[in-house]
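A.B. asks: Here you go, upload_19.pdb (PDB, C-alpha atoms):
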```pdb
ATOM      1  CA  MET A   1      83.296  67.773  47.568
ATOM      2  CA  THR A   2      82.992  71.541  47.734
ATOM      3  CA  ASP A   3      84.060  74.095  45.140
ATOM      4  CA  ALA A   4      86.950  75.097  47.450
ATOM      5  CA  PRO A   5      89.784  73.497  45.470
ATOM      6  CA  ALA A   6      89.356  75.451  42.240
ATOM      7  CA  SER A   7      88.563  78.652  44.118
ATOM      8  CA  LEU A   8      91.808  78.386  46.096
ATOM      9  CA  LEU A   9      94.048  77.846  43.072
ATOM     10  CA  PRO A  10      94.641  81.615  42.650
ATOM     11  CA  VAL A  11      95.829  81.755  46.278
ATOM     12  CA  ALA A  12      98.253  78.917  45.603
ATOM     13  CA  LEU A  13      99.520  80.611  42.449
ATOM     14  CA  GLN A  14     100.172  83.895  44.259
ATOM     15  CA  ALA A  15     101.944  82.092  47.098
ATOM     16  CA  THR A  16     104.100  80.425  44.451
ATOM     17  CA  GLU A  17     104.983  83.789  42.943
ATOM     18  CA  ILE A  18     106.286  84.910  46.329
ATOM     19  CA  ALA A  19     108.315  81.724  46.720
ATOM     20  CA  SER A  20     109.746  81.750  43.217
ATOM     21  CA  HIS A  21     111.046  85.296  43.589
ATOM     22  CA  LEU A  22     112.864  84.410  46.806
ATOM     23  CA  VAL A  23     114.452  81.273  45.353
ATOM     24  CA  ARG A  24     115.620  83.114  42.231
ATOM     25  CA  THR A  25     117.025  86.167  43.987
ATOM     26  CA  ARG A  26     118.676  84.814  47.136
ATOM     27  CA  VAL A  27     121.802  82.744  47.636
ATOM     28  CA  PRO A  28     121.424  79.578  49.726
ATOM     29  CA  GLY A  29     123.229  81.097  52.751
ATOM     30  CA  LEU A  30     124.115  79.055  55.810
ATOM     31  CA  LEU A  31     123.105  75.408  55.879
ATOM     32  CA  THR A  32     121.368  73.753  58.833
ATOM     33  CA  ALA A  33     121.970  70.037  59.357
ATOM     34  CA  LYS A  34     118.779  67.967  59.634
ATOM     35  CA  GLY A  35     120.429  64.604  60.225
ATOM     36  CA  ASP A  36     122.699  62.307  58.280
ATOM     37  CA  ARG A  37     123.479  63.983  54.941
ATOM     38  CA  ASP A  38     120.316  66.094  55.063
ATOM     39  CA  MET A  39     120.143  69.872  55.305
ATOM     40  CA  ALA A  40     118.112  73.026  54.871
ATOM     41  CA  SER A  41     119.356  76.343  53.530
ATOM     42  CA  GLU A  42     118.492  79.840  54.703
ATOM     43  CA  VAL A  43     116.335  80.112  51.594
ATOM     44  CA  ASP A  44     114.307  77.031  52.615
ATOM     45  CA  TYR A  45     113.357  78.767  55.859
ATOM     46  CA  ALA A  46     112.781  82.183  54.270
ATOM     47  CA  VAL A  47     110.494  80.783  51.589
ATOM     48  CA  GLU A  48     108.473  78.654  53.988
ATOM     49  CA  ARG A  49     107.953  81.545  56.402
ATOM     50  CA  ALA A  50     106.926  83.957  53.648
ATOM     51  CA  VAL A  51     104.456  81.486  52.184
ATOM     52  CA  ARG A  52     103.092  80.596  55.625
ATOM     53  CA  ASP A  53     102.480  84.270  56.359
ATOM     54  CA  TYR A  54     100.648  84.743  53.068
ATOM     55  CA  LEU A  55      98.502  81.626  53.483
ATOM     56  CA  LYS A  56      97.637  82.490  57.093
ATOM     57  CA  GLU A  57      96.409  85.878  55.897
ATOM     58  CA  ARG A  58      94.421  84.580  52.925
ATOM     59  CA  THR A  59      93.157  81.261  54.348
ATOM     60  CA  PRO A  60      93.293  81.555  58.153
ATOM     61  CA  ASN A  61      91.096  78.495  58.745
ATOM     62  CA  ILE A  62      93.308  76.069  56.822
ATOM     63  CA  ALA A  63      96.156  74.275  58.589
ATOM     64  CA  ILE A  64      99.650  74.477  57.117
ATOM     65  CA  LEU A  65     102.248  71.706  56.964
ATOM     66  CA  GLY A  66     105.766  72.741  55.972
ATOM     67  CA  GLU A  67     108.863  70.633  55.570
ATOM     68  CA  GLU A  68     110.984  72.848  57.812
ATOM     69  CA  GLU A  69     108.612  74.016  60.558
ATOM     70  CA  GLY A  70     105.953  71.332  60.828
ATOM     71  CA  ILE A  71     102.212  71.818  61.142
ATOM     72  CA  THR A  72     100.315  74.834  62.435
ATOM     73  CA  GLY A  73      96.670  75.843  62.542
ATOM     74  CA  ASP A  74      93.472  73.852  62.960
ATOM     75  CA  THR A  75      94.511  70.239  62.489
ATOM     76  CA  ASN A  76      90.859  69.148  62.663
ATOM     77  CA  SER A  77      90.121  70.959  59.402
ATOM     78  CA  ASP A  78      89.369  68.923  56.279
ATOM     79  CA  LEU A  79      91.894  71.056  54.386
ATOM     80  CA  LEU A  80      95.665  71.233  54.743
ATOM     81  CA  TRP A  81      98.289  73.171  52.810
ATOM     82  CA  ALA A  82     101.572  71.277  52.275
ATOM     83  CA  ILE A  83     104.694  73.336  51.479
ATOM     84  CA  ASP A  84     108.083  72.257  50.241
ATOM     85  CA  PRO A  85     110.004  75.544  50.047
ATOM     86  CA  VAL A  86     112.895  74.131  48.026
ATOM     87  CA  ASP A  87     112.424  70.612  46.748
ATOM     88  CA  GLY A  88     115.917  69.492  45.800
ATOM     89  CA  THR A  89     117.939  71.512  48.318
ATOM     90  CA  ALA A  90     121.095  69.496  47.585
ATOM     91  CA  ASN A  91     120.801  70.557  43.940
ATOM     92  CA  PHE A  92     119.975  74.155  44.869
ATOM     93  CA  VAL A  93     123.011  74.697  47.083
ATOM     94  CA  ARG A  94     125.316  73.355  44.324
ATOM     95  CA  GLY A  95     123.790  75.574  41.645
ATOM     96  CA  ILE A  96     122.108  72.658  39.875
ATOM     97  CA  PRO A  97     118.863  74.058  38.396
ATOM     98  CA  LEU A  98     116.808  70.906  39.087
ATOM     99  CA  CYS A  99     114.940  72.192  42.126
ATOM    100  CA  GLY A 100     111.603  73.784  42.759
ATOM    101  CA  PHE A 101     108.859  75.074  45.028
ATOM    102  CA  SER A 102     105.893  72.797  45.696
ATOM    103  CA  LEU A 103     102.542  73.747  47.244
ATOM    104  CA  GLY A 104      99.643  71.336  47.551
ATOM    105  CA  LEU A 105      96.195  71.603  49.093
ATOM    106  CA  ILE A 106      95.020  68.335  50.643
ATOM    107  CA  GLU A 107      91.369  67.595  51.394
ATOM    108  CA  ARG A 108      90.653  64.608  53.635
ATOM    109  CA  GLY A 109      93.875  62.861  52.677
ATOM    110  CA  ARG A 110      93.848  63.539  48.935
ATOM    111  CA  PRO A 111      95.506  66.462  47.143
ATOM    112  CA  VAL A 112      93.035  68.662  45.291
ATOM    113  CA  VAL A 113      95.148  71.669  44.254
ATOM    114  CA  GLY A 114      98.810  71.750  43.326
ATOM    115  CA  VAL A 115     101.391  74.203  42.041
ATOM    116  CA  ILE A 116     105.020  73.378  41.240
ATOM    117  CA  ASP A 117     107.405  76.127  40.195
ATOM    118  CA  LEU A 118     110.858  75.429  38.729
ATOM    119  CA  PRO A 119     112.452  78.879  39.133
ATOM    120  CA  PHE A 120     115.673  78.212  37.238
ATOM    121  CA  LEU A 121     113.888  76.496  34.345
ATOM    122  CA  GLY A 122     111.194  79.165  34.029
ATOM    123  CA  THR A 123     108.399  76.619  34.270
ATOM    124  CA  ARG A 124     105.285  76.519  36.452
ATOM    125  CA  TYR A 125     102.787  73.666  36.652
ATOM    126  CA  HIS A 126      99.351  73.783  38.257
ATOM    127  CA  ALA A 127      96.182  71.768  38.636
ATOM    128  CA  ALA A 128      92.937  71.706  40.555
ATOM    129  CA  GLN A 129      90.749  68.644  40.849
ATOM    130  CA  HIS A 130      88.514  68.054  37.794
ATOM    131  CA  THR A 131      89.998  71.014  35.854
ATOM    132  CA  GLY A 132      93.058  69.502  34.156
ATOM    133  CA  ALA A 133      96.795  70.049  34.530
ATOM    134  CA  TYR A 134      98.730  72.913  32.968
ATOM    135  CA  VAL A 135     102.198  74.259  32.406
ATOM    136  CA  GLY A 136     101.602  77.974  32.175
ATOM    137  CA  ASP A 137      98.470  78.274  30.039
ATOM    138  CA  ARG A 138      99.053  75.044  28.124
ATOM    139  CA  ARG A 139      97.144  71.938  29.102
ATOM    140  CA  ILE A 140      99.378  68.888  29.510
ATOM    141  CA  GLN A 141      98.885  65.155  29.236
ATOM    142  CA  ALA A 142     100.785  62.167  30.551
ATOM    143  CA  SER A 143     102.809  59.980  28.189
ATOM    144  CA  MET A 144     101.079  57.581  25.821
ATOM    145  CA  THR A 145     104.029  55.160  25.877
ATOM    146  CA  THR A 146     102.802  51.577  25.725
ATOM    147  CA  ASP A 147     106.010  49.512  25.718
ATOM    148  CA  LEU A 148     108.198  49.363  28.826
ATOM    149  CA  LYS A 149     111.374  49.195  26.748
ATOM    150  CA  ASP A 150     110.559  52.674  25.427
ATOM    151  CA  ALA A 151     109.982  54.156  28.881
ATOM    152  CA  ILE A 152     112.130  56.739  30.648
ATOM    153  CA  VAL A 153     111.710  56.268  34.390
ATOM    154  CA  ALA A 154     112.834  58.497  37.266
ATOM    155  CA  ILE A 155     113.655  57.003  40.634
ATOM    156  CA  GLY A 156     113.795  58.991  43.869
ATOM    157  CA  ASP A 157     116.995  59.651  45.791
ATOM    158  CA  TYR A 158     118.615  56.845  47.725
ATOM    159  CA  ALA A 159     117.849  56.961  51.430
ATOM    160  CA  VAL A 160     120.043  58.593  54.072
ATOM    161  CA  GLY A 161     119.851  58.462  57.855
ATOM    162  CA  GLU A 162     118.555  55.726  60.112
ATOM    163  CA  GLY A 163     117.598  52.540  58.325
ATOM    164  CA  SER A 164     119.076  53.708  55.031
ATOM    165  CA  GLU A 165     121.054  50.514  54.405
ATOM    166  CA  ALA A 166     117.942  48.340  54.336
ATOM    167  CA  LYS A 167     115.950  50.908  52.360
ATOM    168  CA  ASN A 168     118.709  51.223  49.792
ATOM    169  CA  ARG A 169     118.893  47.486  49.201
ATOM    170  CA  ILE A 170     115.401  47.804  47.731
ATOM    171  CA  ARG A 171     116.251  50.969  45.801
ATOM    172  CA  ILE A 172     119.439  49.516  44.329
ATOM    173  CA  THR A 173     117.700  46.284  43.388
ATOM    174  CA  LEU A 174     114.900  48.290  41.782
ATOM    175  CA  THR A 175     117.432  50.359  39.856
ATOM    176  CA  GLU A 176     118.950  47.127  38.515
ATOM    177  CA  ARG A 177     115.520  45.807  37.500
ATOM    178  CA  LEU A 178     114.668  49.052  35.769
ATOM    179  CA  ALA A 179     118.029  49.209  33.974
ATOM    180  CA  ALA A 180     117.364  45.751  32.536
ATOM    181  CA  ASN A 181     113.863  46.591  31.275
ATOM    182  CA  VAL A 182     113.340  50.282  30.468
ATOM    183  CA  GLN A 183     114.935  52.615  27.963
ATOM    184  CA  ARG A 184     116.625  54.887  30.527
ATOM    185  CA  VAL A 185     116.684  55.452  34.303
ATOM    186  CA  ARG A 186     116.978  58.963  35.738
ATOM    187  CA  MET A 187     117.619  60.310  39.249
ATOM    188  CA  LEU A 188     116.852  64.039  39.159
ATOM    189  CA  GLY A 189     116.899  64.770  42.891
ATOM    190  CA  SER A 190     113.445  66.351  43.146
ATOM    191  CA  ALA A 191     110.146  64.520  43.604
ATOM    192  CA  ALA A 192     108.315  67.632  42.436
ATOM    193  CA  ILE A 193     110.159  67.602  39.116
ATOM    194  CA  ASP A 194     109.670  63.851  38.725
ATOM    195  CA  LEU A 195     105.906  64.151  39.160
ATOM    196  CA  ALA A 196     105.552  67.303  37.049
ATOM    197  CA  TRP A 197     107.485  65.685  34.215
ATOM    198  CA  VAL A 198     105.335  62.570  34.377
ATOM    199  CA  ALA A 199     102.354  64.889  34.029
ATOM    200  CA  GLU A 200     103.924  66.607  31.026
ATOM    201  CA  GLY A 201     104.946  63.344  29.379
ATOM    202  CA  LYS A 202     108.686  63.987  29.615
ATOM    203  CA  LEU A 203     108.920  60.932  31.871
ATOM    204  CA  ASP A 204     106.870  57.762  31.586
ATOM    205  CA  ALA A 205     107.069  56.935  35.285
ATOM    206  CA  SER A 206     108.317  58.291  38.590
ATOM    207  CA  ILE A 207     109.071  55.947  41.491
ATOM    208  CA  THR A 208     109.527  57.501  44.929
ATOM    209  CA  LEU A 209     109.714  54.880  47.676
ATOM    210  CA  SER A 210     108.557  57.332  50.335
ATOM    211  CA  ASN A 211     105.664  59.712  50.772
ATOM    212  CA  LYS A 212     106.293  63.043  52.459
ATOM    213  CA  PRO A 213     103.244  65.190  51.706
ATOM    214  CA  TRP A 214     105.250  68.388  51.194
ATOM    215  CA  ASP A 215     107.257  66.561  48.496
ATOM    216  CA  THR A 216     104.379  64.857  46.748
ATOM    217  CA  ALA A 217     100.977  66.527  47.286
ATOM    218  CA  ALA A 218     101.223  69.079  44.486
ATOM    219  CA  GLY A 219     102.788  66.657  42.046
ATOM    220  CA  VAL A 220     100.214  63.951  42.707
ATOM    221  CA  ILE A 221      97.224  66.121  41.748
ATOM    222  CA  ILE A 222      99.074  67.563  38.747
ATOM    223  CA  ALA A 223      99.988  64.074  37.506
ATOM    224  CA  ARG A 224      96.480  62.740  38.088
ATOM    225  CA  GLU A 225      94.838  65.634  36.298
ATOM    226  CA  ALA A 226      97.184  64.995  33.353
ATOM    227  CA  GLY A 227      95.972  61.405  33.138
ATOM    228  CA  ALA A 228      98.781  59.599  34.943
ATOM    229  CA  GLN A 229      98.056  56.754  37.341
ATOM    230  CA  VAL A 230      99.295  57.516  40.870
ATOM    231  CA  THR A 231      99.426  54.733  43.449
ATOM    232  CA  ASP A 232     101.156  53.395  46.521
ATOM    233  CA  GLN A 233     103.743  50.677  45.883
ATOM    234  CA  ASP A 234     101.128  47.961  46.449
ATOM    235  CA  GLY A 235      98.984  49.357  43.633
ATOM    236  CA  THR A 236      96.324  50.943  45.846
ATOM    237  CA  ASP A 237      95.243  54.519  45.269
ATOM    238  CA  HIS A 238      97.761  57.055  46.553
ATOM    239  CA  THR A 239      96.745  59.030  49.660
ATOM    240  CA  PHE A 240      98.332  61.084  52.449
ATOM    241  CA  ASN A 241      99.117  57.846  54.309
ATOM    242  CA  SER A 242     100.698  55.936  51.434
ATOM    243  CA  THR A 243     104.221  54.570  51.927
ATOM    244  CA  ALA A 244     105.391  55.351  48.385
ATOM    245  CA  THR A 245     104.476  57.552  45.430
ATOM    246  CA  ILE A 246     104.355  55.797  42.058
ATOM    247  CA  ALA A 247     103.199  57.866  39.062
ATOM    248  CA  THR A 248     103.062  56.214  35.665
ATOM    249  CA  ALA A 249     101.717  56.460  32.166
ATOM    250  CA  PRO A 250      98.607  54.251  32.319
ATOM    251  CA  ALA A 251      99.785  51.715  29.741
ATOM    252  CA  VAL A 252     102.963  50.786  31.636
ATOM    253  CA  ALA A 253     101.542  50.934  35.173
ATOM    254  CA  LYS A 254     101.169  47.160  35.625
ATOM    255  CA  GLU A 255     104.678  46.410  34.397
ATOM    256  CA  ILE A 256     106.209  49.073  36.656
ATOM    257  CA  ALA A 257     104.271  47.649  39.609
ATOM    258  CA  THR A 258     105.629  44.180  38.813
ATOM    259  CA  LEU A 259     109.211  45.485  38.787
ATOM    260  CA  ILE A 260     108.680  47.091  42.204
ATOM    261  CA  ILE A 261     107.236  43.859  43.628
ATOM    262  CA  ASP A 262     110.166  41.887  42.189
ATOM    263  CA  ALA A 263     112.684  44.346  43.641
ATOM    264  CA  ASN A 264     111.148  44.091  47.100
ATOM    265  CA  ARG A 265     111.168  40.295  46.950
ATOM    266  CA  LEU A 266     114.782  40.094  45.741
ATOM    267  CA  ALA A 267     115.996  42.671  48.274
ATOM    268  CA  LEU A 268     114.440  40.726  51.136
ATOM    269  CA  LYS A 269     116.317  37.608  50.031
ATOM    270  CA  SER A 270     119.695  39.381  49.939
TER     271      SER A 270
END
```
Can the structure from this file be put into structure tokens for me?
C.D. replies:
Amino acid sequence: MTDAPASLLPVALQATEIASHLVRTRVPGLLTAKGDRDMASEVDYAVERAVRDYLKERTPNIAILGEEEGITGDTNSDLLWAIDPVDGTANFVRGIPLCGFSLGLIERGRPVVGVIDLPFLGTRYHAAQHTGAYVGDRRIQASMTTDLKDAIVAIGDYAVGEGSEAKNRIRITLTERLAANVQRVRMLGSAAIDLAWVAEGKLDASITLSNKPWDTAAGVIIAREAGAQVTDQDGTDHTFNSTATIATAPAVAKEIATLIIDANRLALKS
């Protein structure tokens, strides 16, 4: 491991400043359909392009993966920026403040730098590998909750598009299992917020049954550096190629994993 991650955190923070200003000062504008019940706003494209331009200037040898415009640059590089210009676009276009900008730096499949900015909540999270996780200048720590019945758990959005019916059987079954065992279930509409709030201890777990690097890279390193356990749904360590993103307070990780296994088994029977 090189010293690159920590040294590139200031670049990520400045890119986030650019993004946050655009999200706060521009209206969503025209919407572009991206498939069944999925969309991007003019702000999504404007933010991604502005951040791409900045990163290309500051780190020309690092490839860039964005939600809206795909991957550019040297794809053989060990490093990759992952941008979600507006995580929670459906919230953003309705004026719901639960949305944010997410920027992660991935090294050989694992995120090593992450910044999440929540422009309408005035909150910015950041982390670099081996340096801790912070909101502003304050170091944060994952929840110390030990009993599942005391846990507040966020679950990712239900699926849309091709194959959504089968995917949602698992999600709905999981929601039922969670409702029967945890204190409260939340669906906030932003993976970035879910992961950041696990890192800060506002949530005890976040369950996202998908893994799109622009959604998750920043949040995964922030949650890990705050002491959360972040895995795939089978309990293996979370990487770029994982099928799901499960972040939990360490003491409830095994019980959450059991609920996910049970939900998959029950959904397959239905």
A.B. asks: Quick check, in Å to one decimal: how far apart do CA of Arg37 (chain A) and CA of Tyr158 (chain A) lie?
C.D. replies: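 Separation between CA of Arg37 (chain A) and CA of Tyr158 (chain A): 11.3 Å.
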A.B. asks: Quick one: apply the PyMOL selection byres ((chain A and resi 62) around 8) to the file and drop the selected residues here as a count of residues only.
C.D. replies: 12
A.B. asks: For Thr245 (chain A), which residue out of A:Ile260, A:Ile207, A:Ala218, A:Met39 is the nearest one, using all atoms listed in the file?
C.D. replies: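 Closest candidate: A:Ile207.
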A.B. asks: Return the single residue from A:Ile83, A:Leu65, A:Ala46, A:Ala253 that is closest to Val115 (chain A), with distances computed using all atoms listed in the file.
C.D. replies: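 Nearest candidate to Val115 (chain A) out of A:Ile83, A:Leu65, A:Ala46, A:Ala253: A:Ile83.
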A.B. asks: Kindly indicate which residue among A:Arg184, A:Leu195, A:Asp215, A:Gly227 lies nearest to Ile246 (chain A), using only C-alpha atoms for the distances.
C.D. replies: A:Leu195
A.B. asks: One decimal, Å: what's the distance from CA of Asn181 (chain A) over to CA of Leu259 (chain A), could you say?
C.D. replies: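 CA of Leu259 (chain A) lies 8.9 Å from CA of Asn181 (chain A).
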A.B. asks: In Å to one decimal, how far is CA of Asp84 (chain A) from CA of Lys34 (chain A)?
C.D. replies: 14.9 Å
A.B. asks: Tell me which protein, DNA and RNA residues are within 12 Å of Ala50 (chain A), counting only C-alpha atoms, leaving out same-chain ones fewer than 5 positions away, and put them as a PyMOL selection string.
C.D. replies: chain A and resi 14-23+43-45+55-57+66+83+85
A.B. asks: Taking all atoms listed in the file into account, name the residue in A:Asp87, A:Asp147, A:Asp234, A:Glu69 that is nearest to Asp117 (chain A).
C.D. replies: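 That would be A:Asp87, the residue with the smallest distance to Asp117 (chain A).
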A.B. asks: Which protein, DNA or RNA residues have an atom at most 12 Å from (105.8, 62.6, 58.0), counting all atoms listed in the file? List them as a compact mmCIF listing (two decimals) with C-alpha atoms, in the frame of the given file.
C.D. replies:
```txt
# COMPACT_ATOMS: atom_id res chain seq x y z
CA LEU A 65 102.25 71.71 56.96
CA GLY A 66 105.77 72.74 55.97
CA GLU A 67 108.86 70.63 55.57
CA GLU A 68 110.98 72.85 57.81
CA GLY A 70 105.95 71.33 60.83
CA ILE A 71 102.21 71.82 61.14
CA ALA A 82 101.57 71.28 52.28
CA SER A 210 108.56 57.33 50.34
CA ASN A 211 105.66 59.71 50.77
CA LYS A 212 106.29 63.04 52.46
CA PRO A 213 103.24 65.19 51.71
CA TRP A 214 105.25 68.39 51.19
CA ASP A 215 107.26 66.56 48.50
CA THR A 216 104.38 64.86 46.75
CA PHE A 240 98.33 61.08 52.45
CA ASN A 241 99.12 57.85 54.31
CA SER A 242 100.70 55.94 51.43
CA THR A 243 104.22 54.57 51.93
```
A.B. asks: Can you give me, as a PyMOL selection string, the residues this file yields under the PyMOL selection byres ((chain A and resi 230) around 8)?
C.D. replies: chain A and resi 220+223-224+228-229+231-232+237-238+245-248
A.B. asks: The selected residues should be written to file as a PDB file, keeping the file's coordinate frame (atoms: C-alpha atoms).
C.D. replies:
```pdb
ATOM      1  CA  VAL A 220     100.214  63.951  42.707  1.00  0.00           C
ATOM      2  CA  ALA A 223      99.988  64.074  37.506  1.00  0.00           C
ATOM      3  CA  ARG A 224      96.480  62.740  38.088  1.00  0.00           C
ATOM      4  CA  ALA A 228      98.781  59.599  34.943  1.00  0.00           C
ATOM      5  CA  GLN A 229      98.056  56.754  37.341  1.00  0.00           C
ATOM      6  CA  THR A 231      99.426  54.733  43.449  1.00  0.00           C
ATOM      7  CA  ASP A 232     101.156  53.395  46.521  1.00  0.00           C
ATOM      8  CA  ASP A 237      95.243  54.519  45.269  1.00  0.00           C
ATOM      9  CA  HIS A 238      97.761  57.055  46.553  1.00  0.00           C
ATOM     10  CA  THR A 245     104.476  57.552  45.430  1.00  0.00           C
ATOM     11  CA  ILE A 246     104.355  55.797  42.058  1.00  0.00           C
ATOM     12  CA  ALA A 247     103.199  57.866  39.062  1.00  0.00           C
ATOM     13  CA  THR A 248     103.062  56.214  35.665  1.00  0.00           C
TER      14      THR A 248
END
```
A.B. asks: Write out as JSON an axis-aligned box for region 226-233 of chain A: all of its atoms listed in the file, 5 Å added on each side, centre and edge lengths in Å with one decimal.
C.D. replies:
```
{"center_x": 99.9, "center_y": 57.8, "center_z": 39.8, "size_x": 17.8, "size_y": 24.3, "size_z": 23.4}
```
A.B. asks: As a PDB file, in the frame of the given file, please: region 107-126 of chain A completed to N, CA and C atoms.
C.D. replies:
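Result file part09.pdb:
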```
ATOM      1  N   GLU A 107      92.707  67.666  50.786  1.00  0.00           N
ATOM      2  CA  GLU A 107      91.369  67.595  51.394  1.00  0.00           C
ATOM      3  C   GLU A 107      91.084  66.153  51.790  1.00  0.00           C
ATOM      4  N   ARG A 108      90.946  65.935  53.092  1.00  0.00           N
ATOM      5  CA  ARG A 108      90.653  64.608  53.635  1.00  0.00           C
ATOM      6  C   ARG A 108      91.586  63.536  53.041  1.00  0.00           C
ATOM      7  N   GLY A 109      92.871  63.845  53.055  1.00  0.00           N
ATOM      8  CA  GLY A 109      93.875  62.861  52.677  1.00  0.00           C
ATOM      9  C   GLY A 109      94.244  62.801  51.210  1.00  0.00           C
ATOM     10  N   ARG A 110      93.544  63.562  50.375  1.00  0.00           N
ATOM     11  CA  ARG A 110      93.848  63.539  48.935  1.00  0.00           C
ATOM     12  C   ARG A 110      94.136  64.944  48.437  1.00  0.00           C
ATOM     13  N   PRO A 111      95.217  65.134  47.670  1.00  0.00           N
ATOM     14  CA  PRO A 111      95.506  66.462  47.143  1.00  0.00           C
ATOM     15  C   PRO A 111      94.473  66.886  46.106  1.00  0.00           C
ATOM     16  N   VAL A 112      94.070  68.150  46.185  1.00  0.00           N
ATOM     17  CA  VAL A 112      93.035  68.662  45.291  1.00  0.00           C
ATOM     18  C   VAL A 112      93.472  69.902  44.526  1.00  0.00           C
ATOM     19  N   VAL A 113      94.542  70.540  44.968  1.00  0.00           N
ATOM     20  CA  VAL A 113      95.148  71.669  44.254  1.00  0.00           C
ATOM     21  C   VAL A 113      96.660  71.499  44.349  1.00  0.00           C
ATOM     22  N   GLY A 114      97.357  71.822  43.276  1.00  0.00           N
ATOM     23  CA  GLY A 114      98.810  71.750  43.326  1.00  0.00           C
ATOM     24  C   GLY A 114      99.464  72.752  42.395  1.00  0.00           C
ATOM     25  N   VAL A 115     100.558  73.339  42.876  1.00  0.00           N
ATOM     26  CA  VAL A 115     101.391  74.203  42.041  1.00  0.00           C
ATOM     27  C   VAL A 115     102.843  73.811  42.271  1.00  0.00           C
ATOM     28  N   ILE A 116     103.587  73.634  41.188  1.00  0.00           N
ATOM     29  CA  ILE A 116     105.020  73.378  41.240  1.00  0.00           C
ATOM     30  C   ILE A 116     105.707  74.416  40.369  1.00  0.00           C
ATOM     31  N   ASP A 117     106.658  75.119  40.941  1.00  0.00           N
ATOM     32  CA  ASP A 117     107.405  76.127  40.195  1.00  0.00           C
ATOM     33  C   ASP A 117     108.871  75.723  40.133  1.00  0.00           C
ATOM     34  N   LEU A 118     109.440  75.740  38.937  1.00  0.00           N
ATOM     35  CA  LEU A 118     110.858  75.429  38.729  1.00  0.00           C
ATOM     36  C   LEU A 118     111.545  76.741  38.358  1.00  0.00           C
ATOM     37  N   PRO A 119     112.034  77.492  39.359  1.00  0.00           N
ATOM     38  CA  PRO A 119     112.452  78.879  39.133  1.00  0.00           C
ATOM     39  C   PRO A 119     113.587  79.034  38.128  1.00  0.00           C
ATOM     40  N   PHE A 120     114.513  78.075  38.112  1.00  0.00           N
ATOM     41  CA  PHE A 120     115.673  78.212  37.238  1.00  0.00           C
ATOM     42  C   PHE A 120     115.432  77.621  35.853  1.00  0.00           C
ATOM     43  N   LEU A 121     114.281  76.992  35.662  1.00  0.00           N
ATOM     44  CA  LEU A 121     113.888  76.496  34.345  1.00  0.00           C
ATOM     45  C   LEU A 121     112.762  77.330  33.748  1.00  0.00           C
ATOM     46  N   GLY A 122     112.242  78.282  34.523  1.00  0.00           N
ATOM     47  CA  GLY A 122     111.194  79.165  34.029  1.00  0.00           C
ATOM     48  C   GLY A 122     109.896  78.448  33.731  1.00  0.00           C
ATOM     49  N   THR A 123     109.567  77.457  34.534  1.00  0.00           N
ATOM     50  CA  THR A 123     108.399  76.619  34.270  1.00  0.00           C
ATOM     51  C   THR A 123     107.530  76.515  35.515  1.00  0.00           C
ATOM     52  N   ARG A 124     106.219  76.642  35.338  1.00  0.00           N
ATOM     53  CA  ARG A 124     105.285  76.519  36.452  1.00  0.00           C
ATOM     54  C   ARG A 124     104.121  75.621  36.046  1.00  0.00           C
ATOM     55  N   TYR A 125     103.859  74.622  36.882  1.00  0.00           N
ATOM     56  CA  TYR A 125     102.787  73.666  36.652  1.00  0.00           C
ATOM     57  C   TYR A 125     101.676  73.901  37.673  1.00  0.00           C
ATOM     58  N   HIS A 126     100.434  73.674  37.273  1.00  0.00           N
ATOM     59  CA  HIS A 126      99.351  73.783  38.257  1.00  0.00           C
ATOM     60  C   HIS A 126      98.177  72.903  37.852  1.00  0.00           C
TER      61      HIS A 126
END
```
